[in-house]
file start.txt (compact mmCIF, C-alpha atoms and all ligand atoms)
# COMPACT_ATOMS: atom_id res chain seq x y z
CA MET A 288 0.00 0.00 0.00
CA SER A 289 1.25 3.45 -0.88
CA ALA A 290 2.30 5.86 1.90
CA ASP A 291 -0.16 8.33 3.40
CA LEU A 292 1.02 11.79 2.35
CA ARG A 293 -1.37 13.81 4.51
CA THR A 294 -0.07 16.56 6.74
CA THR A 295 -1.55 19.30 8.90
CA TYR A 296 -0.66 22.97 8.50
CA MET A 297 -2.02 25.48 11.04
CA GLY A 298 -4.81 23.06 11.86
CA ILE A 299 -5.74 22.60 8.18
CA GLU A 300 -5.62 19.02 6.94
CA LEU A 301 -3.79 18.81 3.59
CA ALA A 302 -3.60 15.90 1.15
CA ASN A 303 0.18 16.19 0.87
CA PRO A 304 2.97 18.54 1.99
CA LEU A 305 3.42 20.27 -1.41
CA VAL A 306 2.05 23.82 -1.37
CA ALA A 307 2.40 26.36 -4.19
CA ALA A 308 4.17 29.43 -2.78
CA ALA A 309 3.12 32.97 -3.66
CA SER A 310 4.30 33.79 -7.19
CA PRO A 311 2.80 35.04 -10.45
CA LEU A 312 1.47 31.48 -10.98
CA THR A 313 -0.81 31.89 -7.98
CA GLY A 314 -2.07 35.29 -9.07
CA THR A 315 -4.52 34.06 -11.71
CA ILE A 316 -7.38 31.58 -11.63
CA ASP A 317 -5.86 29.65 -14.56
CA GLY A 318 -2.56 29.31 -12.73
CA LEU A 319 -4.30 28.20 -9.55
CA LEU A 320 -6.36 25.58 -11.38
CA SER A 321 -3.30 24.15 -13.09
CA LEU A 322 -1.52 23.90 -9.73
CA GLN A 323 -4.51 22.11 -8.21
CA ASP A 324 -4.60 19.73 -11.21
CA ALA A 325 -0.90 19.01 -10.72
CA GLY A 326 -1.53 17.98 -7.11
CA ALA A 327 -0.77 21.05 -4.98
CA SER A 328 -2.41 20.49 -1.61
CA ALA A 329 -2.93 24.23 -1.05
CA VAL A 330 -2.03 27.50 -2.72
CA VAL A 331 -0.68 30.77 -1.37
CA LEU A 332 -1.99 33.58 -3.53
CA GLN A 333 0.38 36.18 -4.90
CA SER A 334 0.62 38.97 -2.31
CA LEU A 335 -1.42 42.08 -1.96
CA PHE A 336 1.16 44.73 -1.02
CA GLU A 337 0.80 47.45 1.57
CA GLU A 338 1.98 49.86 -1.14
CA GLN A 339 -0.85 48.77 -3.45
CA ILE A 340 -3.41 49.43 -0.76
CA GLN A 341 -1.95 52.80 0.12
CA HIS A 342 -1.70 53.70 -3.55
CA HIS A 343 -5.35 52.90 -3.93
CA GLU A 344 -6.56 54.62 -0.78
CA LEU A 345 -4.52 57.78 -0.66
CA GLN A 346 -5.06 59.10 -4.18
CA VAL A 347 -1.38 58.88 -4.51
CA ASP A 348 -1.02 61.22 -7.45
CA SER A 349 -1.82 64.30 -5.46
CA ILE A 350 0.36 63.13 -2.60
CA LEU A 351 3.31 62.55 -4.91
CA GLU A 352 3.02 66.15 -6.09
CA SER A 353 4.03 67.28 -2.63
CA PHE A 354 6.90 64.80 -2.31
CA THR A 355 10.40 66.18 -2.23
CA ASP A 356 12.99 65.14 -4.80
CA SER A 357 14.28 62.46 -2.47
CA PHE A 358 11.09 60.56 -3.22
CA SER A 359 11.56 60.67 -6.96
CA GLU A 360 12.10 56.93 -7.10
CA ALA A 361 8.67 56.51 -5.50
CA ARG A 362 7.21 58.54 -8.34
CA ASP A 363 8.79 56.12 -10.80
CA PHE A 364 7.60 53.14 -8.85
CA PHE A 365 3.94 53.82 -8.15
CA PRO A 366 2.68 53.92 -11.76
CA ALA A 367 4.09 50.41 -12.19
CA LEU A 368 1.67 49.20 -9.52
CA ASP A 369 -1.25 49.92 -11.82
CA SER A 370 -0.26 47.03 -14.02
CA TYR A 371 0.95 44.72 -11.20
CA ASN A 372 -1.50 41.89 -10.56
CA THR A 373 -4.58 43.55 -9.11
CA GLY A 374 -5.61 46.40 -6.89
CA PRO A 375 -6.95 45.70 -3.41
CA GLU A 376 -10.56 45.32 -4.50
CA SER A 377 -9.79 42.92 -7.30
CA TYR A 378 -7.52 41.04 -4.90
CA VAL A 379 -10.48 40.40 -2.65
CA ARG A 380 -12.40 39.23 -5.73
CA LEU A 381 -9.50 36.90 -6.60
CA VAL A 382 -9.83 35.32 -3.16
CA GLU A 383 -13.59 34.88 -3.68
CA GLN A 384 -13.13 33.37 -7.14
CA ALA A 385 -10.32 31.10 -5.98
CA LYS A 386 -12.58 29.80 -3.24
CA GLU A 387 -15.37 29.24 -5.75
CA VAL A 388 -13.34 27.20 -8.23
CA LEU A 389 -10.75 25.41 -6.09
CA GLU A 390 -11.26 22.43 -3.84
CA ILE A 391 -7.93 22.85 -2.06
CA PRO A 392 -7.38 25.41 0.72
CA VAL A 393 -6.62 28.97 -0.35
CA ILE A 394 -4.10 30.97 1.67
CA ALA A 395 -4.19 34.68 0.84
CA SER A 396 -1.07 36.79 1.29
CA LEU A 397 -0.51 40.29 2.58
CA ASN A 398 2.90 41.85 2.17
CA GLY A 399 3.86 44.85 4.28
CA ILE A 400 5.87 46.28 7.13
CA SER A 401 3.94 48.97 8.97
CA ARG A 402 0.92 49.26 11.22
CA GLY A 403 -1.98 51.20 9.80
CA GLY A 404 -5.21 51.19 7.85
CA TRP A 405 -3.98 48.79 5.18
CA THR A 406 -4.10 45.93 7.69
CA ARG A 407 -7.92 46.03 7.58
CA TYR A 408 -7.54 44.02 4.36
CA ALA A 409 -6.78 41.02 6.55
CA ARG A 410 -10.39 41.09 7.72
CA LEU A 411 -11.71 41.65 4.16
CA ILE A 412 -9.66 38.70 2.95
CA GLU A 413 -11.12 36.54 5.69
CA GLU A 414 -14.63 37.66 4.74
CA ALA A 415 -13.85 36.76 1.11
CA GLY A 416 -13.43 33.17 2.31
CA ALA A 417 -9.67 32.60 2.56
CA ASP A 418 -8.80 29.54 4.63
CA ALA A 419 -5.73 31.23 6.09
CA LEU A 420 -3.61 34.34 5.70
CA GLU A 421 0.12 34.59 5.14
CA LEU A 422 1.77 37.85 6.17
CA ASN A 423 5.06 38.49 4.41
CA ILE A 424 7.19 40.98 6.34
CA TYR A 425 9.99 42.01 4.01
CA PHE A 426 11.79 44.79 5.82
CA VAL A 427 15.23 46.08 4.95
CA SER A 428 16.44 48.17 7.88
CA THR A 429 18.86 50.82 6.64
CA ASP A 430 18.75 53.53 9.32
CA ALA A 431 21.78 53.24 11.62
CA ARG A 432 19.83 54.84 14.46
CA VAL A 433 17.25 52.07 14.50
CA ALA A 434 18.31 49.23 16.80
CA ALA A 435 17.48 45.58 16.21
CA ALA A 436 15.05 45.59 19.15
CA GLU A 437 13.05 48.36 17.49
CA VAL A 438 12.86 46.46 14.22
CA GLU A 439 11.78 43.32 16.03
CA ALA A 440 9.12 45.26 17.96
CA ARG A 441 7.76 46.43 14.63
CA TYR A 442 7.32 42.83 13.47
CA ILE A 443 5.62 41.88 16.71
CA ASP A 444 3.25 44.88 16.67
CA LEU A 445 2.22 44.17 13.10
CA VAL A 446 1.60 40.49 13.77
CA THR A 447 -0.36 41.34 16.95
CA ASP A 448 -2.57 43.80 15.02
CA ILE A 449 -3.32 41.41 12.20
CA ALA A 450 -3.74 38.30 14.34
CA SER A 451 -6.24 40.09 16.57
CA SER A 452 -8.30 41.24 13.58
CA ILE A 453 -8.96 37.80 12.06
CA SER A 454 -10.08 34.40 13.16
CA ILE A 455 -8.53 32.34 10.34
CA PRO A 456 -4.99 31.01 10.94
CA LEU A 457 -2.14 33.45 10.35
CA ALA A 458 1.28 32.43 9.02
CA VAL A 459 4.17 34.89 9.10
CA LYS A 460 6.82 34.75 6.39
CA ILE A 461 10.17 36.18 7.47
CA GLY A 462 13.76 36.30 6.39
CA PRO A 463 16.56 34.52 8.27
CA TYR A 464 18.49 37.59 9.41
CA PHE A 465 17.80 37.95 13.11
CA SER A 466 20.45 37.77 15.83
CA SER A 467 18.31 35.22 17.64
CA LEU A 468 15.95 33.65 15.18
CA THR A 469 14.69 31.15 17.75
CA ASN A 470 13.69 33.95 20.13
CA MET A 471 12.04 35.90 17.31
CA ALA A 472 10.13 32.82 16.21
CA MET A 473 8.89 32.27 19.76
CA ARG A 474 7.74 35.90 20.05
CA LEU A 475 5.99 35.83 16.68
CA THR A 476 4.15 32.75 17.85
CA ALA A 477 3.19 34.43 21.13
CA ALA A 478 1.94 37.43 19.09
CA GLY A 479 -0.52 35.21 17.25
CA ALA A 480 1.29 33.49 14.36
CA GLN A 481 0.09 29.91 13.98
CA GLY A 482 2.59 29.23 11.22
CA LEU A 483 6.04 30.44 10.24
CA VAL A 484 7.18 30.43 6.62
CA LEU A 485 10.96 30.08 6.51
CA PHE A 486 12.18 31.89 4.53
CA ASN A 487 11.44 34.92 2.52
CA ARG A 488 14.00 35.17 -0.25
CA PHE A 489 15.57 38.60 -0.34
CA LEU A 490 16.22 40.17 -3.71
CA TYR A 491 19.35 42.20 -4.15
CA PRO A 492 20.01 45.17 -6.38
CA ASP A 493 22.95 44.91 -8.76
CA ILE A 494 25.00 47.53 -10.60
CA SER A 495 24.77 47.43 -14.36
CA LEU A 496 28.23 48.39 -15.63
CA HIS A 497 26.76 48.77 -19.07
CA ARG A 498 24.11 51.29 -18.00
CA MET A 499 25.97 52.61 -14.93
CA LYS A 500 22.78 52.22 -13.00
CA VAL A 501 21.56 50.29 -9.98
CA VAL A 502 19.22 47.64 -11.31
CA PRO A 503 16.92 45.17 -9.55
CA THR A 504 17.64 41.47 -10.03
CA LEU A 505 15.47 38.43 -9.70
CA HIS A 506 17.22 35.10 -10.14
CA LEU A 507 15.21 31.99 -9.53
CA SER A 508 16.53 29.83 -6.70
CA SER A 509 18.40 26.53 -6.77
CA SER A 510 18.27 23.51 -4.47
CA GLU A 511 21.30 24.56 -2.37
CA GLU A 512 19.24 27.41 -0.95
CA SER A 513 17.02 24.90 0.82
CA LEU A 514 19.85 24.26 3.29
CA MET A 515 19.05 27.52 5.10
CA PRO A 516 15.43 26.57 5.91
CA LEU A 517 16.65 23.01 6.56
CA ARG A 518 18.90 24.12 9.41
CA TRP A 519 16.38 26.45 11.02
CA ILE A 520 13.40 24.17 10.69
CA ALA A 521 15.46 21.38 12.26
CA ILE A 522 16.30 23.69 15.18
CA LEU A 523 12.86 25.24 15.62
CA SER A 524 10.69 22.18 15.17
CA GLY A 525 11.79 20.68 18.47
CA GLN A 526 11.35 23.93 20.38
CA LEU A 527 8.07 25.42 19.17
CA SER A 528 4.66 23.94 18.57
CA VAL A 529 3.91 26.38 15.70
CA SER A 530 3.42 25.00 12.16
CA LEU A 531 6.51 25.32 9.98
CA ALA A 532 6.51 25.85 6.22
CA ALA A 533 9.77 25.58 4.29
CA SER A 534 10.29 28.06 1.48
CA SER A 535 13.42 28.74 -0.61
CA GLY A 536 15.26 26.31 -2.83
CA ILE A 537 12.73 23.47 -2.83
CA HIS A 538 12.97 21.99 -6.29
CA SER A 539 13.05 18.19 -6.05
CA ALA A 540 11.45 15.34 -4.13
CA HIS A 541 14.74 14.94 -2.23
CA ASP A 542 14.55 18.58 -1.11
CA VAL A 543 11.03 17.92 0.15
CA VAL A 544 12.06 14.73 1.96
CA LYS A 545 14.93 16.51 3.73
CA LEU A 546 12.75 19.39 4.90
CA LEU A 547 10.13 16.99 6.22
CA LEU A 548 12.79 14.99 8.06
CA ALA A 549 13.97 18.27 9.58
CA GLY A 550 10.44 18.89 10.84
CA ALA A 551 8.61 21.00 8.23
CA ASP A 552 4.85 20.52 8.08
CA VAL A 553 4.69 21.71 4.48
CA THR A 554 7.14 22.66 1.75
CA MET A 555 6.45 25.54 -0.60
CA MET A 556 7.62 25.96 -4.18
CA ALA A 557 7.88 28.98 -6.43
CA SER A 558 11.05 29.00 -8.57
CA ALA A 559 10.85 25.34 -9.58
CA LEU A 560 7.27 25.82 -10.79
CA LEU A 561 8.13 29.02 -12.63
CA ARG A 562 11.06 27.29 -14.31
CA ARG A 563 9.42 23.96 -15.14
CA GLY A 564 5.70 24.67 -15.09
CA PRO A 565 2.94 23.59 -12.68
CA ASN A 566 3.19 19.92 -13.72
CA HIS A 567 6.53 19.69 -11.95
CA MET A 568 4.48 19.47 -8.76
CA ARG A 569 3.06 16.12 -9.88
CA GLN A 570 6.56 14.75 -10.47
CA VAL A 571 7.76 15.87 -7.04
CA ILE A 572 4.76 14.33 -5.30
CA GLY A 573 5.44 11.06 -7.16
CA GLY A 574 9.08 11.24 -6.08
CA LEU A 575 8.09 11.81 -2.45
CA ARG A 576 5.73 8.84 -2.55
CA GLY A 577 8.44 6.68 -4.11
CA TRP A 578 10.99 7.68 -1.47
CA LEU A 579 8.61 6.91 1.41
CA ASP A 580 7.74 3.51 -0.06
CA GLU A 581 11.36 2.66 -0.71
CA HIS A 582 12.32 3.58 2.86
CA GLU A 583 9.31 1.79 4.32
CA TYR A 584 7.64 4.80 5.84
CA THR A 585 3.89 4.39 5.94
CA SER A 586 3.16 8.10 6.20
CA VAL A 587 4.58 11.61 6.07
CA LYS A 588 3.56 12.01 9.72
CA GLU A 589 5.76 9.06 10.65
CA MET A 590 8.91 10.51 9.10
CA LYS A 591 8.28 14.18 9.91
CA GLY A 592 10.90 15.61 12.26
CA SER A 593 12.85 12.38 12.63
CA MET A 594 16.07 14.24 11.72
CA SER A 595 15.30 17.45 13.61
CA GLN A 596 17.87 18.77 16.03
CA ALA A 597 15.89 17.36 18.95
CA ALA A 598 15.78 13.89 17.35
CA ALA A 599 19.16 13.79 15.62
CA PRO A 600 21.93 11.69 17.17
CA GLU A 601 24.31 14.66 16.65
CA PRO A 602 22.41 17.86 17.59
CA GLY A 603 25.64 19.86 17.24
CA ALA A 604 25.57 19.20 13.52
CA PHE A 605 23.08 22.04 13.22
CA GLU A 606 25.24 24.48 15.19
CA ARG A 607 28.71 25.99 15.35
CA ALA A 608 30.26 22.62 16.23
CA ASN A 609 29.77 21.55 12.66
CA TYR A 610 31.31 24.71 11.24
CA MET A 611 34.88 23.97 12.16
CA ARG A 612 34.59 20.26 11.44
CA THR A 613 33.34 21.04 7.96
CA LEU A 614 36.22 23.38 7.21
CA VAL A 615 38.74 20.93 8.62
CA ASP A 616 37.32 18.02 6.63
CA PHE A 617 37.43 20.06 3.46
CA THR A 618 41.05 21.02 4.04
CA VAL A 619 42.31 17.64 5.23
CA ALA A 620 40.77 15.89 2.26
CA SER A 621 42.88 18.07 -0.05
CA PRO A 622 46.18 18.96 1.62
CA ASP A 623 47.59 19.99 -1.74
CA PRO A 624 45.82 23.25 -2.71
CA ARG A 625 45.93 22.25 -6.37
CA HIS A 626 43.37 19.54 -5.54
CA PHE A 627 40.81 22.21 -4.74
CA TYR A 628 40.76 23.32 -8.33
CA ALA A 629 40.52 19.82 -9.69
CA ARG A 630 37.90 18.49 -7.29
CA ARG A 631 34.46 18.32 -8.81
CA ASP A 632 32.59 17.34 -5.69
CA PRO A 633 34.47 18.80 -2.72
CA ILE A 634 32.34 17.14 -0.08
CA PRO A 635 34.35 14.32 1.50
CA TRP A 636 31.64 13.49 4.06
CA ASP A 637 28.77 13.06 1.60
C1 LIG B 1 8.56 36.00 -9.51
C2 LIG B 1 8.31 35.81 -8.05
C3 LIG B 1 7.24 36.44 -7.44
C4 LIG B 1 7.01 36.29 -6.07
N1 LIG B 1 5.95 36.92 -5.48
C5 LIG B 1 5.76 36.77 -4.16
C6 LIG B 1 4.65 37.40 -3.52
O1 LIG B 1 3.82 38.05 -4.14
N2 LIG B 1 4.53 37.23 -2.18
C7 LIG B 1 5.39 36.49 -1.43
O2 LIG B 1 5.21 36.36 -0.21
N3 LIG B 1 6.43 35.86 -2.02
C8 LIG B 1 6.62 35.99 -3.35
N4 LIG B 1 7.67 35.35 -3.94
C9 LIG B 1 8.57 34.54 -3.10
C10 LIG B 1 8.21 33.06 -3.16
O3 LIG B 1 6.91 32.83 -2.64
C11 LIG B 1 9.20 32.20 -2.38
O4 LIG B 1 9.11 32.46 -1.00
C12 LIG B 1 10.65 32.44 -2.80
O5 LIG B 1 10.77 32.59 -4.20
C13 LIG B 1 11.54 31.28 -2.37
O6 LIG B 1 11.06 30.07 -2.87
P1 LIG B 1 11.65 29.36 -4.19
O7 LIG B 1 13.06 29.05 -3.92
O8 LIG B 1 10.78 28.14 -4.36
O9 LIG B 1 11.48 30.34 -5.30
C14 LIG B 1 7.90 35.49 -5.30
C15 LIG B 1 8.94 34.82 -5.95
C16 LIG B 1 9.16 34.96 -7.29
C17 LIG B 1 10.31 34.23 -7.92
call {"tool": "encode", "arguments": {"input": "start.txt", "output": "structure tokens", "more": "lines below"}}
Ligand SMILES: Cc1cc2nc3c(=O)[nH]c(=O)nc-3n(C[C@H](O)[C@H](O)[C@H](O)COP(=O)(O)O)c2cc1C
result
Amino acid sequence: MSADLRTTYMGIELANPLVAAASPLTGTIDGLLSLQDAGASAVVLQSLFEEQIQHHELQVDSILESFTDSFSEARDFFPALDSYNTGPESYVRLVEQAKEVLEIPVIASLNGISRGGWTRYARLIEEAGADALELNIYFVSTDARVAAAEVEARYIDLVTDIASSISIPLAVKIGPYFSSLTNMAMRLTAAGAQGLVLFNRFLYPDISLHRMKVVPTLHLSSSEESLMPLRWIAILSGQLSVSLAASSGIHSAHDVVKLLLAGADVTMMASALLRRGPNHMRQVIGGLRGWLDEHEYTSVKEMKGSMSQAAAPEPGAFERANYMRTLVDFTVASPDPRHFYARRDPIPWD
């Protein structure tokens, strides 16, 4: 008999642990239907951004008139929002339509950083029928006067506001860059997050030497990037009872298996689906099923977390202890520096 792939995410029972992450594919009904057909157990809709809501509500044109020159980039940016997915009202309609046509759970997504009127969309999204809400907090702190504690308080305040305004489950999607991620995760949970999505993938500006201009970049991810969520999910899953979703670098069935072993409740995919199309989901689910059968696991629940830090025979492998060992192993395996250049797979412990 084939393994039972079911999992539970924020109290929602899912047919398997493969969820489509927020991306342009989850911003249209056609995209959502093709993901459902390919076996996605749930979808996270493309985000509605705080900026979109403010743009809509503040009659931004007249406000921009009064902006100083230092806001000129904002003037360039806002018109682009008109053609970016939908405005706030059509976003709410997208949630309603998605609920009408899909059988799988629909997780809507809000993307913002500040407290304020825009957060009332959480309630509107709930009323539109979303099964859960994901809040993506993508904050790049650049002011040297703002201490880490202040930034963290901002996250907590925002999560508290939104969690207290809705009754559907709330997941918070964050980046990995906190001095104490475990503490932050605990506080986000205490503030009302029932799920954590680890991690947001930061995009970095580049400098075009050809145009002598700072340009945005968006490279799709690769499997190696899943090692970051792997470490932190392994560490957090034994310490917190919150649901954990892995995001970043999940491309193959093996990536999914590893994240589940580390303790993820679900794994989310964006880049792999954008690169290979929604049907890739079907292949990954087949690969997961095959792996479980081959390794004689009867269910996802049985294997989940069995290689977390709490369960692993070597808990130090997830911490600093492994850092030096890894460097030493790399060096000892190739005492002659010329071997570094020649080695194709420089991982002696694999
Ligand atoms: C083109 C593109 C659009 C995205 N749009 C959103 C979005 O609207 N909201 C969001 O929370 N994440 C968004 N993401 C981030 C993904 O949901 C995901 O967290 C990230 O890409 C890492 O996963 P991956 O390695 O599978 O791509 C986007 C990613 C891509 C590549």
call {"tool": "residues_near_ligand", "arguments": {"input": "start.txt", "ligand": "ligand LIG 1 (chain B)", "cutoff": "8 Å", "atoms": "only C-alpha atoms and all ligand atoms", "output": "compact mmCIF listing (two decimals) with C-alpha atoms, in the frame of the given file"}}
result
# COMPACT_ATOMS: atom_id res chain seq x y z
CA ALA A 308 4.17 29.43 -2.78
CA ALA A 309 3.12 32.97 -3.66
CA SER A 310 4.30 33.79 -7.19
CA PRO A 311 2.80 35.04 -10.45
CA VAL A 331 -0.68 30.77 -1.37
CA LEU A 332 -1.99 33.58 -3.53
CA GLN A 333 0.38 36.18 -4.90
CA SER A 334 0.62 38.97 -2.31
CA LEU A 335 -1.42 42.08 -1.96
CA PHE A 336 1.16 44.73 -1.02
CA SER A 396 -1.07 36.79 1.29
CA LEU A 397 -0.51 40.29 2.58
CA ASN A 398 2.90 41.85 2.17
CA GLU A 421 0.12 34.59 5.14
CA LEU A 422 1.77 37.85 6.17
CA ASN A 423 5.06 38.49 4.41
CA LYS A 460 6.82 34.75 6.39
CA PHE A 486 12.18 31.89 4.53
CA ASN A 487 11.44 34.92 2.52
CA ARG A 488 14.00 35.17 -0.25
CA LEU A 505 15.47 38.43 -9.70
CA HIS A 506 17.22 35.10 -10.14
CA LEU A 507 15.21 31.99 -9.53
CA SER A 508 16.53 29.83 -6.70
CA SER A 509 18.40 26.53 -6.77
CA SER A 510 18.27 23.51 -4.47
CA GLU A 512 19.24 27.41 -0.95
CA SER A 513 17.02 24.90 0.82
CA SER A 534 10.29 28.06 1.48
CA SER A 535 13.42 28.74 -0.61
CA GLY A 536 15.26 26.31 -2.83
CA ILE A 537 12.73 23.47 -2.83
CA HIS A 538 12.97 21.99 -6.29
CA MET A 555 6.45 25.54 -0.60
CA MET A 556 7.62 25.96 -4.18
CA ALA A 557 7.88 28.98 -6.43
CA SER A 558 11.05 29.00 -8.57
CA ALA A 559 10.85 25.34 -9.58
CA LEU A 560 7.27 25.82 -10.79
CA LEU A 561 8.13 29.02 -12.63
call {"tool": "atom_distance", "arguments": {"input": "start.txt", "atom1": "CA of Thr618 (chain A)", "atom2": "CA of Leu514 (chain A)"}}
result
21.5 Å
call {"tool": "residues_around", "arguments": {"input": "start.txt", "residues": "region 566-578 of chain A", "least_positions_apart": "3", "cutoff": "6 Å", "atoms": "all atoms listed in the file", "output": "number ranges by chain"}}
result
A: 325-326, 539-540, 581
call {"tool": "atom_distance", "arguments": {"input": "start.txt", "atom1": "CA of Ala458 (chain A)", "atom2": "CA of Leu483 (chain A)"}}
result
5.3 Å
call {"tool": "residues_around", "arguments": {"input": "start.txt", "residues": "Gln384 (chain A)", "least_positions_apart": "6", "cutoff": "10 Å", "atoms": "only C-alpha atoms", "output": "compact mmCIF listing (two decimals) with C-alpha atoms, keeping the file's coordinate frame"}}
result
# COMPACT_ATOMS: atom_id res chain seq x y z
CA THR A 315 -4.52 34.06 -11.71
CA ILE A 316 -7.38 31.58 -11.63
CA TYR A 378 -7.52 41.04 -4.90
CA ALA A 415 -13.85 36.76 1.11
CA GLY A 416 -13.43 33.17 2.31
call {"tool": "atom_distance", "arguments": {"input": "start.txt", "atom1": "CA of Tyr296 (chain A)", "atom2": "CA of Gly482 (chain A)"}}
result
7.6 Å
call {"tool": "residues_near_point", "arguments": {"input": "start.txt", "point": "(16.2, 24.9, 17.8)", "cutoff": "9 Å", "atoms": "only C-alpha atoms", "output": "PyMOL selection string"}}
result
chain A and resi 469+518-527+595-597+605
call {"tool": "closest_residue", "arguments": {"input": "start.txt", "among": "A:Ile299, A:Leu490, A:Leu517, A:Ala435", "to": "Thr504 (chain A)", "atoms": "all atoms listed in the file"}}
result
A:Leu490
call {"tool": "residues_around", "arguments": {"input": "start.txt", "residues": "Ala533 (chain A)", "least_positions_apart": "6", "cutoff": "7 Å", "atoms": "all atoms listed in the file", "output": "PyMOL selection string"}}
result
chain A and resi 484-486+516+546+551+553-555
call {"tool": "closest_residue", "arguments": {"input": "start.txt", "among": "A:Ile391, A:Leu548, A:Ile455, A:Met297", "to": "Thr476 (chain A)", "atoms": "only C-alpha atoms"}}
result
A:Met297
call {"tool": "residues_around", "arguments": {"input": "start.txt", "residues": "Glu300 (chain A)", "least_positions_apart": "6", "cutoff": "10 Å", "atoms": "all atoms listed in the file", "output": "JSON, numbers by chain"}}
result
{"A": [293, 294, 328, 329, 392]}
call {"tool": "write_last_selection", "arguments": {"input": "start.txt", "atoms": "C-alpha atoms", "output": "compact mmCIF listing (two decimals), in the coordinates of the input"}}
result
# COMPACT_ATOMS: atom_id res chain seq x y z
CA ARG A 293 -1.37 13.81 4.51
CA THR A 294 -0.07 16.56 6.74
CA SER A 328 -2.41 20.49 -1.61
CA ALA A 329 -2.93 24.23 -1.05
CA PRO A 392 -7.38 25.41 0.72
call {"tool": "closest_residue", "arguments": {"input": "start.txt", "among": "A:Arg607, A:Arg402, A:Arg410, A:Lys591", "to": "Ile443 (chain A)", "atoms": "all atoms listed in the file"}}
result
A:Arg402
call {"tool": "closest_residue", "arguments": {"input": "start.txt", "among": "A:Ala440, A:Leu547, A:Ser377, A:Val306", "to": "Met594 (chain A)", "atoms": "all atoms listed in the file"}}
result
A:Leu547
call {"tool": "closest_residue", "arguments": {"input": "start.txt", "among": "A:Leu531, A:Leu292, A:Val501, A:Ala436", "to": "Ile461 (chain A)", "atoms": "all atoms listed in the file"}}
result
A:Leu531
call {"tool": "closest_residue", "arguments": {"input": "start.txt", "among": "A:Arg380, A:Lys545, A:Arg432, A:Arg563", "to": "Val587 (chain A)", "atoms": "only C-alpha atoms"}}
result
A:Lys545
call {"tool": "build_atoms", "arguments": {"input": "start.txt", "residues": "region 577-588 of chain A", "atoms": "N, CA and C atoms", "output": "tab-separated table (two decimals), in the frame of the given file"}}
result
chain	number	residue	atom	x	y	z
A	577	GLY	N	7.47	7.74	-3.82
A	577	GLY	CA	8.44	6.68	-4.11
A	577	GLY	C	9.47	6.57	-2.99
A	578	TRP	N	9.96	7.70	-2.52
A	578	TRP	CA	10.99	7.68	-1.47
A	578	TRP	C	10.43	7.05	-0.18
A	579	LEU	N	9.22	7.45	0.17
A	579	LEU	CA	8.61	6.91	1.41
A	579	LEU	C	8.44	5.40	1.29
A	580	ASP	N	7.95	4.96	0.13
A	580	ASP	CA	7.74	3.51	-0.06
A	580	ASP	C	9.07	2.77	0.02
A	581	GLU	N	10.05	3.32	-0.67
A	581	GLU	CA	11.36	2.66	-0.71
A	581	GLU	C	11.99	2.55	0.69
A	582	HIS	N	11.74	3.58	1.52
A	582	HIS	CA	12.32	3.58	2.86
A	582	HIS	C	11.35	3.07	3.93
A	583	GLU	N	10.28	2.47	3.46
A	583	GLU	CA	9.31	1.79	4.32
A	583	GLU	C	8.68	2.68	5.38
A	584	TYR	N	8.45	3.94	4.99
A	584	TYR	CA	7.64	4.80	5.84
A	584	TYR	C	6.20	4.65	5.39
A	585	THR	N	5.29	4.54	6.34
A	585	THR	CA	3.89	4.39	5.94
A	585	THR	C	3.20	5.74	5.76
A	586	SER	N	3.81	6.79	6.32
A	586	SER	CA	3.16	8.10	6.20
A	586	SER	C	4.17	9.22	6.37
A	587	VAL	N	3.77	10.39	5.87
A	587	VAL	CA	4.58	11.61	6.07
A	587	VAL	C	4.68	11.89	7.56
A	588	LYS	N	3.57	11.71	8.28
A	588	LYS	CA	3.56	12.01	9.72
A	588	LYS	C	4.60	11.17	10.45
